[in-house]
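What follows is a single structure, written as structure tokens, with notes after it.
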Amino acid sequence: MQSSVGHEWLEILSLGLGVMYSLERPVQGQSSCPKDRLGRKRRTVVSSLTEDEELTEILKSYCSNKVTTTKYSFLSFIPKNLFEQLHRFANIYFIFLAALNFVPVVNAFQPEISIIPILLVLAVTAVKDLWEDYRKHKSDKFINGLVCEIYSRKRQMYVDQRWQDVHVGDFVRLSCNEIIPADMLLLYSSDPHGVCYIETANLDGETNLKQRQVVRDLPRQGSELTPENFHSRIECENPNNDLSRFRGFMEYPSKARVGLHNNNLLLRSCTIRNTETVIGIVVYAGHETKAMKNNNGPRYKRSKLERRLNVDVLWSVVLLVIMCLTAAIGHGLWLRNLKDNSFLIPDTTSPALSGFYLFWTMIIVLQVLIPISLYVSIEIVKLCQIFFIQNDVDFYNEYMDSRIQCRALNITEDLGQIQYVFSDKTGTLTENKMVFRRCTIAGVEYPHEENARRLEVYKEDEALGCSHTLKSRASAKSLSCKSLSCNRSSVSLHTLTGHSEGEESPSPTLPQHSAFSSPMEKDIVPDPFLVQKLNCLSSPLFLLRDASMELTYIVDFFMALAICNTVVVSSPNQPRHVVPEVSRTPLKSLEDIKMLFQRFGLPRFSTLSPPHTTESPRSFTQHGSWKGPPSEPGADELIYEAESPDEAALVHAARAYRCTLQGRSLERLLVELPGMGSLAVRLLHILPFDSTRKRMSVVVRHPLTNQVVVYTKGADSVIMDLAESPKGAEQSDGRQGHIREQTQKHLDNYAREGLRTLCIAKKVQTSTEYEIWLKRHAFAETSIENREELLLESAQRLETNLTLLGATGIEDRLQEEVPETIEALQRAGVKVWVLTGDKQETAINIACACKLLRTTDQLLTSSSSCLVSLQEACKALLLELRAEVERGEAAEGTSGFTLVVDGRTLDFALQEDLKGDFLELSRRCRAVVCCRSTPLQKSHVVQLVRDQLRVMTLAIGDGANDVSMIQVADVGIGISGQEGMQAVMSSDFAISRFKHLRKLLLVHGHWCYTRLANMILYFFYKNVMYVNLLFWYQFFCGFSGSVMTNSWVLIFFNLLFTSAPPLLYGILDKDVSADTLIKLPELYKSGQNSKAYLPSTFWLTMLDALYQSLVCFFIPYFAYAGSDADMLSFGSPINASALLIILLHQVIESRTLTWLHVLVLVGSALFYFSFTLVFSVVCVTCSPPTNPLGVDKLQMSQPLFYGVCALTTVLALLPRFLFHALRNSISPSDTLKAALMDQLNPDNYCRRMQHWNQTQAQSKARGLIINVEDLDIKIPDFILPKELKECRAATGSVLS
Amino acid sequence: MMASNYNAKEEDGHQPAAIGHGGAGTVKNKKPDNTAFKQQRLPAWQPILTAGTVLPAFFVIGLIFIPIGIGLFVTSNNIKELEIDYTGGDMSSPCYNCSQSYSWNSTKPCTCSVPFSLDQPFESNVFMYYGLSNFYQNHRRYVKSRDDSQLNGDKASLKSPSKECEPYRTSDEKPIAPCGAIANSLFNDTLELYYIDPNGSRTAIPLVKKGIAWWTDKHVKFRNPGGNDNLTVVFQGTSKPVNWRKSVYELDPSDPDNNGFINEDFIVWMRTAALPTFRKLYRIIHKKPNMTPTLPLGQYILEVTYNYPVRSFEGRKRMILSTISWMGGKNPFLGIAYITVGSVCFFLGIVLLIIHHKYGNRNHSADIPS
């Protein structure tokens, strides 16, 4: 235990110290790569076996695979480290002071003493750097020494080589579970279809397998690729850090070109899975790999408090200059008035020049006024705060075995000042565990009532805990790929090895992100009615033509569900589920069945006969065309790994209807259809999902009809638009029209229920159409420049004139405690905005469900299509709202209004001339819901609010679409959920549940803010108070820069005697207990308004410091005036009482005192007294000229010393003591009231808590009662909600 | 009110409900330890300052400080002190002539006698000080201008004193011993005290010149080079400070234990005063063994050998006779300050009592006015 604590500390410390000084971007280590001398835009890669000299030369110009992330070598350490340290402002200041001290005319102390601080700082940093660098060196060495197989020309075979000897153009052979040494192009895979799977956990933390494929059209060479015969030339872009993009082409000796994609590229530090052998040619090595390019150190942000602090540091500088100027002028005047000083003060310079010199002397003497050490202290305090946040057991997620991750180390106090929270919906407020709920096919709705009932049961189950199911899945996973024990969330290979070396390498834990298929998501109870219809396929019964038409729709629908995705299939027993080379020919084509149907014309009602329905499931199995019920455990269990949970949900849904995706390869999909057995579907293209198109498509050759069919799945708005082209409307003689109308109706219903909707459509292409499209698509694929645009255009060309098949409704449940969290945040004065890509109705429903909207709230829905109307509408509404506010019915600033904006309106609202109005409007609303918004819009909204309203913003999200928003906000929080790790990687804090936000903000945020603010104020106070003592003395020593203290004590006073207590104060002080903070979110407001650290507080503190220093100087002054006291004897009681005052001041300011506080406070005092005592006994000639010998010993033996100290301390602290007592008695702050409550016994505590909440609620309610009828806004674009009750009803349905 | 905040309600609710899984193979190694320290639940004392809680403190301070103050004040008042300014600025002053003829190197000593009378007898030991005003012994350059190792008897430093001593480091290319501005400006007036008997005869009052320096200074810090034997030889090759009339080994030829660097007058001078107006111990008049006061009331004469020029920096010279107490010399300030602070605290205590009665009850019953 002890050692593990130590380990954590070290880790945090090393991280933090790195940040502390690295204001600049973290150094990536010396790049050993020669700069691309030719400066080309592309890089050419050929086989390293080439004999062409010129090409070999080019290959040599690329970076080798040896990585050195260390900054220093053995010899360069001292000079280089010094040089780097000298770049930091704080050190420059220290060195400047030290150097000043070596100038004889201005020196204040002995030069040796003045270099102590800088030496200390430099030494500490150097040791830290050395240690860090050594660790890096060790891990570099480990990584460079890893072994992989490279093809050797001499020996004509693959030989073991170290990673560092891998070069661009080398052929590397890897086996399953090996780590990829460099970015390489996949040329061969043992998989017959040229597919290989990689796990990118080391890169982005995603554990689901990703499919990579061999470069297209690569001539197949028997069993393995022979490197000698590889004469193609690869042209690709220069190294960059974009993990998701790779562009280039390969030119064969025959000059034919083939495009290279991201999915031909194997990235360094990923792991090969499920594939026996792969061979690739290295294109980027070492520091040029995408993994290394992405390897930036921890994030650095400046917090609001620090910005405020910097202002005050500048004030300190001003103060310092004023004080030094005063002394300089005073000295000049004093010298001028002194008639004959020759025998007293050996100085012949003119008064003016002496004054000038003195200015610099005073800067040395008063240097402490600039709290440089404050920055170091703040970093240390923040590290400790992060330590506590990370160790909060409430943030521990039992299922995922994860804690909170603090990725940004220096914005902890920003958590306590958040005013706006921007939240994503899916995966953030909701579970992002997609469960298929219902669907509509060809205009007929299938409500899946059984399914709904099943979900209820699961919900109850989950409440009790159902991790056993997860566990079974875990074991399945570990069987399928014996995973290396690797850190799943590490960014770089370095952290990877750092961990696997260490003791705490995680035993194979639960798979975190790929567990899409908990039984709840897998076992879908089919709708009996739909099953019945499907049965007709395999049953010998006959249908009418009309019904069979519907049947084709149904089959196509499920076909689309099963194949229109990028799901990877695996099973515990069999690592790969690929399509066998020889696929069975279909038993009978759909057309045959159709023909059959037509020949036997039986009446339609026979299909609907009830007895058949009950019998149907059994009849399937008897027929033998089913492989068995999908829920049956055992050998047949398939595991679907999908990029998004929607996909998995749909595949599982299709499977429930026996339309099972059984395997996938590069070119083929194996699908089992009811009544037809396994069919191999030729996959022609996948047009992947993107957020602009909002859809994805697959182009396949239909196994039954042999036509080229496009299956498209996407957001309903998009698909509906694409399906409604006039041409389609003409053709389908109203049937499509009917389906569309019905589907739209069902979609609206789904949305109202809070379901996510997806539309499924298809399109049959004639072969000529396809040929034409294919040509242009191929062109787009092979182009290097603006390929994205071309591909987008190509996809858009294909996805037209779609035939709507149907739509699905997927349920995404709210996470636990979301409503409570949102309510708490709102009570805390945080405005919560929901930004989602979902439909308006879905968004409103979720907003209702999570209590963002109350039933009493008034919805302002804005969806307009033209700019002018919106502008007018916006303004009109604004006026209306203002009038409302003026009428005094709304509480200040907030009202019961909720604005709902859709993406299109948002586009207008974000434009220059409207954004002011939009902000004004939204500022007056209690909550804002932005639906249908793109990732870019999300970040624009956050940016707008942050910059225009100058508020602290927090963005929270879980998916890739939230990344930009997370990065823009002052505090970005990622939820490590179902959708990979991109959000987490770009976030400042990563939590696993939304509910954690409550404690993170209300408790830790509050604490961190108040602690840090108080500590900073205390630091300023301490420095000003102490430095002023020296300043006052100048008035009695002719402004000559004398100090009445031994210079050692002076230097150590800040460095040693009074440095620990403020740190502890900043780490452990606790004004209100966590419980109370959670229960009374209103307490958060003090941080929001920066109550603890206002400019006025700062100046008040300064004033108090001034007073205390006056007391602390002048009481000893009057006590010793005219006596025979020498300088040090006079300074001794001043120093001692200053120390006591400073320490006791902290006791007054502290809200909690633990034994640690007592220890440190008493320790500091004892340290001071023992140090000075020992020093005064031991030091004979050690500290000229102010010789302390005997001074303190003598002083401390005199009662006068104690008399002075006691009086000084009491008088100095009296005003603050009194001020606190009076303020706390007469007008206590909320925080104080809460702290008082903490001290009550539990019974009283509860009573008071209730009382508080009641009063709060009352005062809220008074502000919130708004007469809805009164405010009938007569603007067409802003429609009032149809039914607020409906909203409430929907809440029930979503919650239940 | 200041209660320990470590109670049951904090202990509860932090234990996450253990979920009933089999536990086989699932090692929860990332779970933070649920310790009081890591969960920030260390038992703590929460001092909340309200009128009610600070009340006793104010009264206690008042009750302690006022007696102390009275004690200090009485003690200070019992101290007898006499101060005589002999600068000689006025024409009427007996030392006027001496003060006008200023020269560091005049060979002819100028003497003047200042008569004064004591109204009260001085009991116990009487300390005789000389006081200087407007003399900035605490000036940074002045303070630095010394060589501690030289004074500590280091022979190397004797031959080549520290650079800090400039411009009083060498004279006539010989090192100055003791070097530096402090030593150079050594106070060199001689003060003698005579009691005028009612019958008019003068009795010299025995002034003890040993024991005026700190023990540590005399025995540890200041040492003659090469011990105390034959200082003339030891200081051979050094030069006396510019302003001095005699060499350092001639400071007290009568007593080898008080000569050279360990001359007590010299040591006292070398301990630089904190403030521009200061006094330095000059001599001690020991209590007489019999019951007669050390200094009986009557007429006295202060004989001054006037050497030290102060007119150039508008300084003043004083002779002070004082008895001392356990808390040092006469200084009524501390006693008055204690009494004042104590009374203020007591008064504030009463004010707080009123405030506590007015607001305290409200705070206890309900926080929020409804």
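Here's how to read the names in the structure tokens: chain A, B, ... by the order shown, residue numbers from 1 in each chain, ligand numbers from 1 in the order shown.
Once range 830-835 of chain A and its same-chain neighbours fewer than 3 positions away are set aside, Ile418, Gln419, Tyr420, Val421, Phe422, Ser423, Asp424, Lys425, Ile822, Leu825, Gln826, Arg827, Ala847, Leu852, Arg926, Ala927, Val928, Val929, Cys930, Cys931, Ser933 and Lys938 of chain A remain within 8 Å of it when counting only C-alpha atoms.
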Practice problem: DSSP on the backbone, then: every residue of range 167-321 of chain B marked helix (DSSP H, G or I), written as a VMD selection string. | Solution: chain B and resid 181 to 184 215 to 221 231 to 234 248 to 250 256 to 258 260 to 262 264 to 270 311 to 313
Practice problem: Can you work out the spacing between CA of Leu1063 in chain A and CA of Gln405 in chain A in Å, to one decimal? | Solution: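 Separation of CA of Leu1063 in chain A and CA of Gln405 in chain A: 23.2 Å.
For Pro253 in chain B, the non-local neighbours within 12 Å, defined as residues at least 4 positions apart in the same chain or in other chains and counting only C-alpha atoms, are Asn228, Asn230, Leu231, Thr232, Lys246, Ser247, Val248, Tyr249, Asp257, Asn258, Asn259, Gly260 and Asn263 of chain B.
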Dump of N, CA and C atoms for the selected residues, as a tab-separated table (two decimals), in the first residue's frame:
chain	number	residue	atom	x	y	z
B	228	ASN	N	47.46	36.61	23.53
B	228	ASN	CA	47.57	37.94	24.11
B	228	ASN	C	49.02	38.36	24.38
B	230	ASN	N	52.43	39.93	23.87
B	230	ASN	CA	53.15	40.99	23.18
B	230	ASN	C	52.49	41.46	21.89
B	231	LEU	N	51.45	42.24	22.09
B	231	LEU	CA	50.66	42.70	20.96
B	231	LEU	C	51.47	43.60	20.03
B	232	THR	N	52.44	44.28	20.59
B	232	THR	CA	53.23	45.19	19.76
B	232	THR	C	53.89	44.43	18.62
B	246	LYS	N	45.98	56.36	18.63
B	246	LYS	CA	46.95	55.35	19.05
B	246	LYS	C	46.60	54.04	18.39
B	247	SER	N	47.56	53.15	18.44
B	247	SER	CA	47.33	51.87	17.78
B	247	SER	C	46.40	51.00	18.60
B	248	VAL	N	45.97	49.93	17.95
B	248	VAL	CA	44.99	49.06	18.60
B	248	VAL	C	45.60	48.39	19.83
B	249	TYR	N	46.90	48.14	19.82
B	249	TYR	CA	47.53	47.49	20.97
B	249	TYR	C	47.82	48.47	22.09
B	257	ASP	N	44.36	41.90	29.15
B	257	ASP	CA	43.11	41.20	28.87
B	257	ASP	C	42.08	42.13	28.26
B	258	ASN	N	42.40	43.37	28.13
B	258	ASN	CA	41.45	44.33	27.60
B	258	ASN	C	42.11	45.17	26.50
B	259	ASN	N	43.11	44.57	25.90
B	259	ASN	CA	43.87	45.33	24.93
B	259	ASN	C	43.74	44.69	23.54
B	260	GLY	N	44.09	45.45	22.55
B	260	GLY	CA	44.00	44.92	21.19
B	260	GLY	C	42.55	44.78	20.78
B	263	ASN	N	39.63	44.65	23.39
B	263	ASN	CA	39.28	45.81	24.21
B	263	ASN	C	37.78	45.98	24.20
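Minimum distance to Asn138 in chain B across A:Gln1034, A:Thr271, A:Gln110, A:Asn391 (counting only C-alpha atoms) occurs at A:Gln1034.
Closest approach to chain B among A:Thr836, A:Ser1042, A:Gln211, A:Ser269 is made by A:Ser1042 (distances from only C-alpha atoms).
In this comparison, which uses only C-alpha atoms, the residue of A:Gln1250, A:Ser939, A:Ser303, A:Ser1225 approaching chain B most closely is A:Ser1225.
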Quiz prompt | Distance criterion (only C-alpha atoms): nearest to chain B out of A:Arg932, A:Arg658, A:Lys255, A:Arg336 | solution =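 Checking each candidate against chain B, we get A:Arg336 as the closest.
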Quiz item: What's the 9 Å shell around Ser124 in chain B, counting only C-alpha atoms, without same-chain residues fewer than 5 positions away, as an NGL selection string?
Solution: :B and (285-288 or 293-295 or 323-324)
Same residues, N, CA and C atoms, output as a PDB file, in the first residue's frame:
ATOM      1  N   ILE B 285      28.896  51.156  37.189  1.00  0.00           N
ATOM      2  CA  ILE B 285      29.191  51.576  38.551  1.00  0.00           C
ATOM      3  C   ILE B 285      28.568  50.545  39.466  1.00  0.00           C
ATOM      4  N   HIS B 286      29.419  49.767  40.089  1.00  0.00           N
ATOM      5  CA  HIS B 286      28.896  48.662  40.887  1.00  0.00           C
ATOM      6  C   HIS B 286      28.313  49.144  42.196  1.00  0.00           C
ATOM      7  N   LYS B 287      27.354  48.365  42.629  1.00  0.00           N
ATOM      8  CA  LYS B 287      26.688  48.642  43.899  1.00  0.00           C
ATOM      9  C   LYS B 287      27.696  48.527  45.029  1.00  0.00           C
ATOM     10  N   LYS B 288      27.537  49.383  45.975  1.00  0.00           N
ATOM     11  CA  LYS B 288      28.465  49.299  47.110  1.00  0.00           C
ATOM     12  C   LYS B 288      27.982  48.222  48.059  1.00  0.00           C
ATOM     13  N   PRO B 293      23.491  54.138  48.817  1.00  0.00           N
ATOM     14  CA  PRO B 293      23.168  54.018  47.397  1.00  0.00           C
ATOM     15  C   PRO B 293      24.418  54.135  46.541  1.00  0.00           C
ATOM     16  N   THR B 294      24.340  53.564  45.374  1.00  0.00           N
ATOM     17  CA  THR B 294      25.469  53.597  44.459  1.00  0.00           C
ATOM     18  C   THR B 294      25.814  55.034  44.112  1.00  0.00           C
ATOM     19  N   LEU B 295      24.770  55.741  43.753  1.00  0.00           N
ATOM     20  CA  LEU B 295      24.964  57.173  43.504  1.00  0.00           C
ATOM     21  C   LEU B 295      24.015  57.938  44.400  1.00  0.00           C
ATOM     22  N   THR B 323      19.760  52.746  35.878  1.00  0.00           N
ATOM     23  CA  THR B 323      19.694  51.411  36.481  1.00  0.00           C
ATOM     24  C   THR B 323      18.900  50.550  35.522  1.00  0.00           C
ATOM     25  N   ILE B 324      18.976  49.241  35.655  1.00  0.00           N
ATOM     26  CA  ILE B 324      18.155  48.404  34.762  1.00  0.00           C
ATOM     27  C   ILE B 324      17.336  47.429  35.576  1.00  0.00           C
TER      28      ILE B 324
END
Exercise. Pick out the closest residue to Thr216 in chain B from this set: B:Cys110, B:Ala273, B:Met291, B:Val268. Count only C-alpha atoms.
Key: B:Val268
Practice problem: Would you mind listing what lies within 8 Å of range 326-341 of chain B as a list in words, with only C-alpha atoms counted and same-chain residues fewer than 5 positions away left out? | Solution: Phe1118, Ala1119, Ser1123, Gln1198, Pro1199, Leu1200, Val1204, Leu1207 and Leu1211 of chain A; Gly62, Phe65, Ile66, Pro67, Ile68, Gly69, Ile70, Gly71, Leu72, Phe73, Val74, Ser76, Asn77, Ile79, Lys80 and Glu81 of chain B
Just N, CA and C atoms for this one: save the residues we selected as an mmCIF file, in the first residue's frame.
data_model
loop_
_atom_site.group_PDB
_atom_site.id
_atom_site.type_symbol
_atom_site.label_atom_id
_atom_site.label_comp_id
_atom_site.auth_asym_id
_atom_site.auth_seq_id
_atom_site.Cartn_x
_atom_site.Cartn_y
_atom_site.Cartn_z
ATOM 1 N N PHE A 1118 9.515 50.897 18.927
ATOM 2 C CA PHE A 1118 9.331 51.742 20.110
ATOM 3 C C PHE A 1118 9.875 51.061 21.350
ATOM 4 N N ALA A 1119 9.794 49.750 21.377
ATOM 5 C CA ALA A 1119 10.286 49.043 22.548
ATOM 6 C C ALA A 1119 11.800 49.147 22.653
ATOM 7 N N SER A 1123 17.632 52.458 22.884
ATOM 8 C CA SER A 1123 18.354 51.517 23.730
ATOM 9 C C SER A 1123 19.671 51.134 23.054
ATOM 10 N N GLN A 1198 15.874 36.755 27.148
ATOM 11 C CA GLN A 1198 15.378 37.965 27.800
ATOM 12 C C GLN A 1198 13.860 38.042 27.746
ATOM 13 N N PRO A 1199 13.262 38.381 28.866
ATOM 14 C CA PRO A 1199 11.792 38.462 28.886
ATOM 15 C C PRO A 1199 11.256 39.527 27.923
ATOM 16 N N LEU A 1200 12.045 40.574 27.699
ATOM 17 C CA LEU A 1200 11.581 41.637 26.827
ATOM 18 C C LEU A 1200 11.229 41.096 25.435
ATOM 19 N N VAL A 1204 7.649 41.602 23.731
ATOM 20 C CA VAL A 1204 7.452 42.272 22.441
ATOM 21 C C VAL A 1204 6.739 41.352 21.460
ATOM 22 N N LEU A 1207 2.954 40.926 22.320
ATOM 23 C CA LEU A 1207 2.156 42.118 22.048
ATOM 24 C C LEU A 1207 2.000 42.319 20.538
ATOM 25 N N LEU A 1211 -1.574 42.240 18.587
ATOM 26 C CA LEU A 1211 -2.070 43.476 17.984
ATOM 27 C C LEU A 1211 -2.170 43.344 16.458
ATOM 28 N N GLY B 62 -7.560 40.464 27.295
ATOM 29 C CA GLY B 62 -7.673 41.675 28.101
ATOM 30 C C GLY B 62 -7.204 41.429 29.512
ATOM 31 N N PHE B 65 -3.352 40.875 29.508
ATOM 32 C CA PHE B 65 -2.503 41.981 29.063
ATOM 33 C C PHE B 65 -2.490 43.154 30.044
ATOM 34 N N ILE B 66 -3.651 43.453 30.617
ATOM 35 C CA ILE B 66 -3.686 44.639 31.486
ATOM 36 C C ILE B 66 -2.747 44.476 32.680
ATOM 37 N N PRO B 67 -2.777 43.352 33.394
ATOM 38 C CA PRO B 67 -1.809 43.218 34.499
ATOM 39 C C PRO B 67 -0.367 43.247 34.031
ATOM 40 N N ILE B 68 -0.103 42.583 32.907
ATOM 41 C CA ILE B 68 1.268 42.612 32.406
ATOM 42 C C ILE B 68 1.685 44.060 32.152
ATOM 43 N N GLY B 69 0.769 44.778 31.505
ATOM 44 C CA GLY B 69 1.063 46.175 31.174
ATOM 45 C C GLY B 69 1.353 46.985 32.426
ATOM 46 N N ILE B 70 0.521 46.776 33.429
ATOM 47 C CA ILE B 70 0.725 47.531 34.671
ATOM 48 C C ILE B 70 2.075 47.173 35.274
ATOM 49 N N GLY B 71 2.363 45.879 35.263
ATOM 50 C CA GLY B 71 3.649 45.425 35.784
ATOM 51 C C GLY B 71 4.806 46.083 35.062
ATOM 52 N N LEU B 72 4.731 46.053 33.727
ATOM 53 C CA LEU B 72 5.805 46.638 32.928
ATOM 54 C C LEU B 72 5.944 48.130 33.197
ATOM 55 N N PHE B 73 4.801 48.756 33.311
ATOM 56 C CA PHE B 73 4.809 50.199 33.490
ATOM 57 C C PHE B 73 5.454 50.567 34.826
ATOM 58 N N VAL B 74 5.058 49.834 35.835
ATOM 59 C CA VAL B 74 5.611 50.108 37.172
ATOM 60 C C VAL B 74 7.109 49.848 37.166
ATOM 61 N N SER B 76 9.135 49.941 34.694
ATOM 62 C CA SER B 76 9.817 50.969 33.938
ATOM 63 C C SER B 76 9.924 52.255 34.743
ATOM 64 N N ASN B 77 8.876 52.558 35.479
ATOM 65 C CA ASN B 77 8.882 53.793 36.270
ATOM 66 C C ASN B 77 9.879 53.734 37.415
ATOM 67 N N ILE B 79 12.708 52.457 37.276
ATOM 68 C CA ILE B 79 14.072 52.596 36.780
ATOM 69 C C ILE B 79 14.451 54.063 36.819
ATOM 70 N N LYS B 80 15.652 54.309 37.343
ATOM 71 C CA LYS B 80 16.106 55.699 37.418
ATOM 72 C C LYS B 80 17.029 55.942 36.249
ATOM 73 N N GLU B 81 16.822 57.062 35.594
ATOM 74 C CA GLU B 81 17.630 57.324 34.413
ATOM 75 C C GLU B 81 17.966 58.796 34.362
#
Quiz item: Counting only C-alpha atoms, what is within 6 Å of Arg682 in chain A, bar same-chain residues fewer than 4 positions away, as a PyMOL selection string?
Solution: chain A and resi 667-668+700-701
Quiz item: For chain B, which of A:Thr800, A:Ser354, A:Thr757, A:Ser922 is the closest residue, counting only C-alpha atoms?
Solution: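 Of all the options, A:Ser354 lies closest to chain B.
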